[in-house]
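Visitor: This is target-v9.cif (mmCIF, C-alpha atoms).
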```cif
data_data
loop_
_atom_site.label_atom_id
_atom_site.label_comp_id
_atom_site.auth_asym_id
_atom_site.auth_seq_id
_atom_site.Cartn_x
_atom_site.Cartn_y
_atom_site.Cartn_z
CA MET A 137 159.82 -103.89 -224.48
CA THR A 138 159.03 -106.81 -226.80
CA MET A 139 162.59 -107.73 -227.71
CA PRO A 140 163.00 -110.52 -225.09
CA PHE A 141 159.89 -112.17 -226.56
CA VAL A 142 160.87 -112.20 -230.24
CA VAL A 143 164.59 -113.08 -230.19
CA PRO A 144 165.67 -116.74 -229.91
CA ARG A 145 166.13 -117.82 -226.31
CA ALA A 146 168.54 -120.37 -224.79
CA PRO A 147 166.93 -123.59 -223.54
CA GLU A 148 167.86 -122.91 -219.91
CA LEU A 149 166.03 -119.53 -219.87
CA PRO A 150 162.33 -119.19 -218.95
CA PRO A 151 160.01 -119.44 -221.97
CA ALA A 152 158.29 -116.37 -223.43
CA THR A 153 154.60 -117.12 -222.88
CA TRP A 154 151.55 -115.12 -223.99
CA THR A 155 150.73 -114.47 -220.34
CA ALA A 156 154.13 -112.87 -219.79
CA TYR A 157 153.76 -110.91 -223.02
CA GLY A 158 150.31 -109.66 -221.97
CA LEU A 159 151.47 -108.47 -218.54
CA THR A 160 154.43 -106.72 -220.15
CA THR A 161 152.04 -104.94 -222.49
CA LEU A 162 149.95 -103.81 -219.51
CA THR A 163 152.98 -102.01 -218.11
CA VAL A 164 153.15 -99.97 -221.33
CA LEU A 165 149.50 -99.03 -221.94
CA PRO A 166 149.18 -96.70 -218.91
CA LEU A 167 151.80 -94.38 -220.46
CA VAL A 168 149.04 -93.06 -222.74
CA TRP A 169 147.71 -91.14 -219.72
CA ARG A 170 151.08 -90.14 -218.26
CA ARG A 171 150.52 -86.39 -218.81
CA ARG A 172 147.00 -86.37 -217.33
CA ALA A 173 147.61 -88.51 -214.22
CA PRO A 174 151.35 -89.21 -213.92
CA LEU A 175 151.31 -90.48 -210.33
CA ALA A 176 148.42 -92.87 -211.03
CA VAL A 177 150.29 -94.18 -214.07
CA LEU A 178 153.39 -94.74 -211.94
CA LEU A 179 151.35 -96.77 -209.42
CA ALA A 180 149.80 -98.83 -212.24
CA ILE A 181 153.22 -99.59 -213.71
CA LEU A 182 154.59 -100.57 -210.31
CA ALA A 183 151.60 -102.87 -209.72
CA THR A 184 151.83 -104.66 -213.08
CA SER A 185 155.62 -104.95 -212.82
CA THR A 186 155.35 -106.45 -209.34
CA LEU A 187 152.67 -108.90 -210.56
CA TYR A 188 154.95 -109.92 -213.43
CA GLU A 189 157.84 -110.59 -211.07
CA LEU A 190 155.74 -112.61 -208.59
CA ALA A 191 153.30 -114.53 -210.79
CA VAL A 192 155.03 -115.13 -214.14
CA GLU A 193 158.19 -116.95 -215.04
CA GLY A 194 159.00 -114.92 -218.14
CA PRO A 195 162.02 -113.17 -219.66
CA GLY A 196 163.26 -110.15 -217.80
CA GLN A 197 163.72 -106.71 -219.31
CA PRO A 198 167.26 -105.30 -219.72
CA LEU A 199 166.00 -101.86 -218.61
CA PRO A 200 162.83 -100.69 -216.81
CA TYR A 201 161.78 -98.62 -219.81
CA THR A 202 158.26 -97.74 -218.69
CA GLY A 203 159.45 -96.78 -215.23
CA LEU A 204 162.10 -94.47 -216.66
CA VAL A 205 159.56 -92.80 -218.96
CA ILE A 206 157.05 -92.09 -216.20
CA VAL A 207 159.73 -90.90 -213.75
CA HIS A 208 161.01 -88.45 -216.37
CA THR A 209 157.43 -87.24 -217.03
CA ILE A 210 156.71 -86.70 -213.33
CA ALA A 211 159.99 -84.82 -212.83
CA ALA A 212 159.24 -82.58 -215.80
CA LEU A 213 155.49 -81.94 -215.45
CA ALA A 214 154.11 -82.97 -212.05
CA PRO A 215 153.63 -80.62 -209.07
CA PRO A 216 156.14 -80.75 -206.19
CA TRP A 217 154.10 -83.05 -203.92
CA GLN A 218 153.89 -85.69 -206.68
CA ARG A 219 157.62 -85.45 -207.28
CA ARG A 220 158.32 -85.99 -203.58
CA ALA A 221 155.93 -88.96 -203.48
CA THR A 222 157.67 -90.44 -206.53
CA VAL A 223 161.09 -90.20 -204.91
CA LEU A 224 159.78 -91.97 -201.78
CA LEU A 225 158.19 -94.72 -203.91
CA LEU A 226 161.40 -95.28 -205.84
CA VAL A 227 163.47 -95.49 -202.67
CA VAL A 228 161.27 -98.41 -201.62
CA ALA A 229 160.32 -99.99 -204.97
CA VAL A 230 163.76 -100.17 -206.58
CA PRO A 231 165.46 -102.22 -203.81
CA VAL A 232 162.40 -104.51 -203.60
CA SER A 233 162.44 -105.07 -207.36
CA VAL A 234 166.16 -105.86 -207.33
CA TRP A 235 165.68 -108.28 -204.42
CA LEU A 236 162.91 -110.10 -206.33
CA ASN A 237 165.09 -110.30 -209.45
CA THR A 238 168.78 -110.98 -208.75
CA GLY A 239 169.43 -109.41 -205.36
CA SER A 240 172.86 -108.22 -206.51
CA ALA A 241 174.46 -104.96 -205.42
CA ARG A 242 175.49 -104.32 -209.03
CA GLU A 243 171.89 -104.34 -210.25
CA LEU A 244 170.80 -102.16 -207.33
CA THR A 245 173.48 -99.57 -208.09
CA PHE A 246 172.65 -99.59 -211.79
CA SER A 247 168.89 -99.27 -211.18
CA LEU A 248 169.28 -96.39 -208.74
CA PHE A 249 171.59 -94.65 -211.21
CA VAL A 250 169.26 -94.88 -214.22
CA PHE A 251 166.19 -93.78 -212.23
CA ALA A 252 168.12 -90.87 -210.72
CA ALA A 253 169.29 -89.88 -214.23
CA ALA A 254 165.71 -89.99 -215.55
CA TYR A 255 164.57 -87.76 -212.68
CA VAL A 256 167.43 -85.27 -213.16
CA PHE A 257 166.83 -85.02 -216.91
CA GLY A 258 163.14 -84.43 -216.20
CA ARG A 259 163.96 -81.53 -213.86
CA LEU A 260 166.33 -80.09 -216.47
CA THR A 261 163.54 -80.28 -219.04
CA ASP A 262 161.22 -78.41 -216.67
CA ALA A 263 163.86 -75.74 -216.04
CA ARG A 264 164.40 -75.27 -219.77
CA GLN A 265 160.67 -74.99 -220.42
CA ARG A 266 160.28 -72.43 -217.62
CA ALA A 267 163.16 -70.41 -219.06
CA HIS A 268 161.47 -70.46 -222.47
CA ARG A 269 158.18 -69.29 -220.91
CA VAL A 270 159.93 -66.46 -219.07
CA GLU A 271 161.67 -65.37 -222.26
CA ALA A 272 158.37 -65.53 -224.17
CA GLU A 273 156.71 -63.36 -221.51
CA ARG A 274 159.57 -60.86 -221.67
CA ALA A 275 159.34 -60.77 -225.45
CA ALA A 276 155.59 -60.18 -225.20
CA ALA A 277 156.18 -57.37 -222.69
CA ARG A 278 158.75 -55.77 -224.99
CA GLU A 279 156.33 -56.03 -227.90
CA ARG A 280 153.52 -54.48 -225.85
CA ALA A 281 155.84 -51.61 -224.89
CA ARG A 282 156.83 -51.13 -228.54
CA ILE A 283 153.20 -51.07 -229.69
CA ALA A 284 152.34 -48.64 -226.87
CA ARG A 285 155.12 -46.30 -228.04
CA GLU A 286 153.94 -46.55 -231.64
CA MET A 287 150.33 -45.78 -230.75
CA HIS A 288 151.39 -42.93 -228.47
CA ASP A 289 153.48 -41.40 -231.25
CA ILE A 290 150.71 -41.75 -233.82
CA LEU A 291 147.92 -40.35 -231.64
CA SER A 292 149.98 -37.65 -229.94
CA HIS A 293 151.29 -36.31 -233.25
CA ALA A 294 147.93 -36.39 -235.05
CA VAL A 295 145.83 -35.01 -232.20
CA SER A 296 148.32 -32.22 -231.45
CA LEU A 297 148.29 -31.02 -235.06
CA MET A 298 144.51 -31.28 -235.27
CA VAL A 299 144.04 -29.28 -232.03
CA VAL A 300 146.37 -26.50 -233.19
CA GLN A 301 144.68 -26.32 -236.58
CA ALA A 302 141.19 -26.42 -235.08
CA GLU A 303 142.02 -23.59 -232.66
CA ALA A 304 143.30 -21.47 -235.52
CA GLY A 305 140.27 -22.27 -237.71
CA PRO A 306 137.71 -19.82 -236.17
CA VAL A 307 140.19 -16.94 -236.32
CA ALA A 308 141.02 -17.75 -239.94
CA VAL A 309 137.32 -17.94 -240.86
CA ARG A 310 136.89 -14.29 -239.89
CA ALA A 311 140.22 -12.97 -241.15
CA ALA A 312 141.14 -15.16 -244.16
CA PRO A 313 138.53 -17.71 -245.29
CA GLU A 314 140.97 -19.35 -247.71
CA ARG A 315 143.33 -20.09 -244.82
CA ALA A 316 140.47 -21.57 -242.84
CA GLU A 317 139.65 -23.91 -245.68
CA ALA A 318 143.29 -25.03 -245.83
CA ALA A 319 143.31 -25.58 -242.06
CA PHE A 320 140.22 -27.76 -242.22
CA ASP A 321 141.70 -29.72 -245.13
CA ALA A 322 144.84 -30.26 -243.05
CA ILE A 323 142.75 -31.50 -240.11
CA SER A 324 141.01 -33.98 -242.38
CA ALA A 325 144.26 -35.21 -243.93
CA THR A 326 145.95 -35.57 -240.54
CA GLY A 327 142.99 -37.55 -239.18
CA ARG A 328 142.90 -39.88 -242.18
CA ASP A 329 146.65 -40.50 -241.93
CA ALA A 330 146.34 -41.30 -238.22
CA MET A 331 143.45 -43.68 -238.91
CA ASP A 332 145.46 -45.46 -241.61
CA GLN A 333 148.41 -45.94 -239.27
CA LEU A 334 146.19 -47.16 -236.44
CA ARG A 335 144.44 -49.56 -238.80
CA ARG A 336 147.79 -51.05 -239.77
CA MET A 337 148.80 -51.29 -236.11
CA LEU A 338 145.57 -53.03 -235.15
CA GLY A 339 145.97 -55.32 -238.15
CA VAL A 340 149.27 -56.49 -236.70
CA LEU A 341 147.60 -57.08 -233.32
CA ARG A 342 144.94 -59.20 -235.04
CA ASP A 343 147.65 -61.54 -236.30
CA GLY A 344 146.19 -64.47 -238.17
CA THR A 345 142.63 -63.10 -238.38
CA GLU A 346 140.83 -61.90 -241.47
CA GLY A 347 139.10 -58.66 -242.25
CA ALA A 348 135.41 -58.11 -242.78
CA GLU A 349 135.63 -59.25 -246.40
CA GLY A 350 137.81 -62.29 -245.78
CA ALA A 351 141.04 -60.46 -246.68
CA PRO A 352 144.03 -60.66 -244.35
CA PRO A 353 144.76 -57.59 -242.21
CA PRO A 354 146.77 -54.88 -243.98
CA ARG A 355 150.52 -55.20 -243.64
CA GLU A 356 152.48 -52.16 -244.82
CA PRO A 357 156.06 -51.14 -244.11
CA GLN A 358 156.91 -49.07 -241.06
CA PRO A 359 157.54 -45.37 -241.75
CA ASP A 360 161.09 -44.60 -242.82
CA LEU A 361 163.31 -41.74 -243.92
CA GLY A 362 161.35 -41.40 -247.15
CA GLY A 363 158.36 -40.21 -245.13
CA LEU A 364 160.19 -37.37 -243.34
CA PRO A 365 159.46 -34.68 -245.98
CA ALA A 366 155.72 -35.47 -245.81
CA LEU A 367 155.90 -35.42 -242.01
CA VAL A 368 157.55 -31.99 -242.07
CA ASP A 369 154.92 -30.72 -244.52
CA ARG A 370 152.11 -31.83 -242.20
CA VAL A 371 153.71 -30.05 -239.26
CA ARG A 372 154.03 -26.88 -241.33
CA THR A 373 150.23 -26.80 -241.70
CA SER A 374 150.05 -26.03 -237.96
CA GLY A 375 151.85 -22.73 -238.57
CA LEU A 376 155.29 -23.88 -237.42
CA ASP A 377 158.07 -23.03 -239.89
CA VAL A 378 160.09 -26.26 -240.13
CA THR A 379 163.27 -26.82 -242.12
CA TYR A 380 164.76 -30.20 -242.99
CA ASP A 381 168.25 -30.92 -244.27
CA THR A 382 170.92 -33.61 -244.27
CA THR A 383 174.71 -33.54 -244.03
CA GLY A 384 177.40 -36.06 -244.79
CA GLY A 385 177.19 -38.99 -247.17
CA VAL A 386 173.49 -39.82 -247.29
CA ARG A 387 173.01 -43.60 -247.38
CA ALA A 388 170.32 -46.19 -246.96
CA LEU A 389 169.68 -47.27 -243.37
CA PRO A 390 168.38 -50.59 -242.06
CA ALA A 391 164.59 -50.64 -241.96
CA ALA A 392 164.42 -50.72 -238.16
CA VAL A 393 166.79 -47.74 -237.83
CA GLY A 394 164.90 -45.78 -240.48
CA ALA A 395 161.60 -46.35 -238.64
CA THR A 396 163.21 -45.26 -235.37
CA VAL A 397 164.56 -42.05 -236.93
CA HIS A 398 161.09 -41.26 -238.33
CA ARG A 399 159.39 -41.79 -234.96
CA ILE A 400 162.01 -39.74 -233.11
CA VAL A 401 161.57 -36.78 -235.46
CA GLN A 402 157.78 -37.16 -235.25
CA GLU A 403 157.79 -37.14 -231.45
CA ALA A 404 160.25 -34.24 -231.22
CA LEU A 405 158.16 -32.08 -233.59
CA THR A 406 154.99 -33.04 -231.74
CA ASN A 407 156.53 -31.79 -228.51
CA VAL A 408 157.47 -28.53 -230.24
CA VAL A 409 153.89 -28.01 -231.43
CA LYS A 410 152.34 -28.92 -228.06
CA HIS A 411 154.70 -27.35 -225.55
CA ALA A 412 157.39 -25.10 -226.95
CA GLY A 413 155.40 -22.12 -228.26
CA ALA A 414 157.99 -21.92 -231.02
CA ARG A 415 157.80 -20.15 -234.36
CA THR A 416 160.53 -22.12 -236.13
CA ALA A 417 162.08 -25.57 -235.86
CA ALA A 418 164.88 -27.37 -237.67
CA VAL A 419 165.41 -31.06 -238.38
CA ARG A 420 168.89 -32.20 -239.36
CA LEU A 421 170.23 -35.67 -240.16
CA ALA A 422 174.02 -35.99 -240.08
CA TYR A 423 175.52 -39.12 -241.65
CA GLU A 424 178.93 -40.08 -240.28
CA ASP A 425 181.00 -43.26 -240.37
CA GLY A 426 178.99 -45.85 -238.47
CA VAL A 427 176.65 -43.28 -236.94
CA VAL A 428 173.60 -41.27 -237.94
CA GLU A 429 172.81 -38.22 -235.81
CA VAL A 430 169.31 -36.77 -235.54
CA VAL A 431 169.00 -33.20 -234.25
CA VAL A 432 165.70 -31.34 -233.77
CA THR A 433 165.86 -27.76 -232.44
CA ASP A 434 163.33 -24.98 -231.97
CA ASP A 435 163.25 -21.33 -230.87
CA GLY A 436 160.55 -21.80 -228.24
CA ARG A 437 160.52 -21.34 -224.49
CA GLY A 438 163.03 -24.07 -223.78
CA PRO A 439 163.50 -25.72 -220.41
CA ARG A 440 162.72 -23.53 -217.42
CA ARG A 441 164.79 -23.58 -214.26
CA GLY A 442 163.24 -25.66 -211.56
CA ALA A 443 160.72 -27.15 -213.99
CA ARG A 444 160.64 -29.91 -216.49
CA PRO A 445 161.85 -29.05 -220.00
CA ALA A 446 159.46 -28.12 -222.72
CA GLY A 447 157.65 -31.28 -223.59
CA GLY A 448 158.15 -32.60 -220.08
CA GLU A 449 159.62 -35.91 -219.08
CA GLY A 450 156.44 -37.73 -220.02
CA HIS A 451 156.04 -40.54 -222.50
CA GLY A 452 157.44 -38.49 -225.38
CA LEU A 453 161.03 -37.91 -224.28
CA VAL A 454 161.14 -41.22 -222.43
CA GLY A 455 160.01 -42.94 -225.64
CA ILE A 456 162.76 -41.19 -227.61
CA ARG A 457 165.39 -42.41 -225.14
CA GLU A 458 164.00 -45.95 -225.22
CA ARG A 459 164.01 -46.03 -229.01
CA ALA A 460 167.62 -44.84 -229.09
CA ALA A 461 168.70 -47.32 -226.41
CA ALA A 462 167.03 -50.19 -228.31
CA HIS A 463 169.59 -49.65 -231.11
CA GLY A 464 172.53 -49.06 -228.78
CA GLY A 465 172.36 -45.29 -229.27
CA THR A 466 172.05 -42.26 -227.02
CA ALA A 467 169.55 -39.42 -226.69
CA VAL A 468 170.32 -36.05 -225.09
CA THR A 469 167.72 -33.31 -224.53
CA GLY A 470 168.16 -29.81 -223.17
CA PRO A 471 168.55 -26.14 -224.13
CA GLY A 472 169.22 -25.37 -227.76
CA PRO A 473 172.19 -23.50 -229.25
CA ASP A 474 173.19 -20.42 -227.20
CA GLY A 475 170.74 -21.54 -224.52
CA ARG A 476 167.68 -20.66 -226.60
CA GLY A 477 164.82 -22.99 -227.33
CA PHE A 478 165.04 -26.74 -226.93
CA GLU A 479 167.13 -29.42 -228.60
CA VAL A 480 166.79 -33.18 -229.06
CA ARG A 481 170.01 -34.87 -230.16
CA VAL A 482 170.08 -38.61 -230.88
CA GLU A 483 172.98 -40.73 -232.12
CA LEU A 484 172.30 -44.18 -233.57
CA PRO A 485 175.04 -46.63 -234.59
CA VAL A 486 174.49 -48.10 -238.06
CA ARG A 487 176.35 -50.52 -240.27
CA THR A 488 178.12 -49.04 -243.26
CA THR A 489 175.79 -49.21 -246.27
CA THR A 490 175.79 -47.94 -249.83
CA ARG A 491 175.47 -44.19 -250.27
CA VAL A 492 172.44 -42.91 -252.14
CA ALA A 493 171.67 -39.64 -253.87
CA THR A 494 170.66 -36.79 -251.56
#
```
Could I get this file's structure written as structure tokens?
Guide:
Amino acid sequence: MTMPFVVPRAPELPPATWTAYGLTTLTVLPLVWRRRAPLAVLLAILATSTLYELAVEGPGQPLPYTGLVIVHTIAALAPPWQRRATVLLLVVAVPVSVWLNTGSARELTFSLFVFAAAYVFGRLTDARQRAHRVEAERAAARERARIAREMHDILSHAVSLMVVQAEAGPVAVRAAPERAEAAFDAISATGRDAMDQLRRMLGVLRDGTEGAEGAPPPREPQPDLGGLPALVDRVRTSGLDVTYDTTGGVRALPAAVGATVHRIVQEALTNVVKHAGARTAAVRLAYEDGVVEVVVTDDGRGPRRGARPAGGEGHGLVGIRERAAAHGGTAVTGPGPDGRGFEVRVELPVRTTTRVAT
């Protein structure tokens, strides 16, 4: 904006006076408030620019910089009625400004073009920002759904085991006191494990906050394949005889896939404990080229005709399907081998990684 005032000027051109420089500065200062009151700033710029053209014989500007800035701001941030008012003002103000300056068709065409370009780029900026907000909201919704699945898995698994063990406790007290003591120990251990997992989950939700003693919230890895033996052992304390084995070339899985496998097995075993009335269950992981298959079967009631399968189509089986789909995999549930019991079969695609010892 100051360039016409500081460069050498030809003798035939109007002089650069302090009055002209001051009025030019007044067309710039209102831009400080362009985000708070864009339409008022546009009117102030139009007023000072018109005063400059009518009252001062000073150097002209090669481009209406302040006008372009405020038009872009209005197009990007202002509500629709302000945008419409701006377009109407420009339709009137631009031809008047050109008439006061040179009155040439070339300048009129150029001015209309640059103001239209500023407005279009402002609308594109608004569209891009709205797309970013929509994507952020979708990401937040996906994260809320993921956290809901995690909390459902943690609570459903822990509470189911604790209920089964608590129901068996009074019978064991009368028949075998040592078994009752083991059942109560298992209830305590299951509750503590659930509390630890919930504390980690809530620590993630309190992102950026500190704990009671000024320490950051706990951040521990998600459960993975290494936790499956301990998971199976906890389920065994409920009285369900569970076996766990692997086939194929056992290899390390990506962290996200390992956590998904752990949660799928956890939810499937929880459904067995809660709904199947089974005596035995089997967990098998089959490693194939580019795929890991998770199979959980039981010898319980299985799906009944005309009714939902054991475990229902509630959050549990839906969560298993969603977890599989999130990795591009598939989940199939239905009767077990030979039509007995119930089976959960999930296939997850994985990248080829280094094999590890079984």
Visitor: Using all atoms listed in the file, can you list as a list in words the residues within 10 Å of (162.8, -16.0, -223.9)?
Guide: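 Those residues, ordered by chain and then number, are Asp435, Gly436, Arg437, Gly438, Arg440, Gly475, Arg476 and Gly477 of chain A.
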Visitor: Using all atoms listed in the file, find the one residue out of A:Arg457, A:Ile283, A:Met331, A:Pro215 that sits nearest to Asp262 in chain A.
Guide: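 Selected residue with least distance to Asp262 in chain A: A:Pro215.
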Visitor: What's the separation between CA of Leu367 in chain A and CA of Pro439 in chain A, in Å to one decimal place?
Guide: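 CA of Pro439 in chain A lies at a distance of 24.9 Å from CA of Leu367 in chain A.
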Visitor: Near Arg170 in chain A, within 10 Å and counting only C-alpha atoms, which residues show up once chain neighbours fewer than 4 positions away are dropped, as number ranges by chain?
Guide: A: 165-166, 174-178, 205-207, 209-210, 213-214
Visitor: Hey, can you check how far CA of Val454 in chain A sits from CA of Arg481 in chain A?
Guide: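 Between CA of Val454 in chain A and CA of Arg481 in chain A the gap works out to 13.4 Å.
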Visitor: What lies within 9 Å of Arg487 in chain A using only C-alpha atoms, ignoring chain neighbours under 6 positions off, as a list in words?
Guide: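 Final neighbour list, sorted by chain and number: Leu389, Pro390, Asp425, Gly426 and Val427 of chain A.
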Visitor: Rounded to one decimal place, report the CA of Asn407 in chain A-CA of Ser292 in chain A distance in Å.
Guide: 8.9 Å
Visitor: Return the single residue from A:Ala302, A:Val228, A:Val164, A:Ala294 that is closest to Gly327 in chain A, with distances computed using only C-alpha atoms.
Guide: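 Between A:Ala302, A:Val228, A:Val164, A:Ala294, the residue approaching Gly327 in chain A most closely is A:Ala294.
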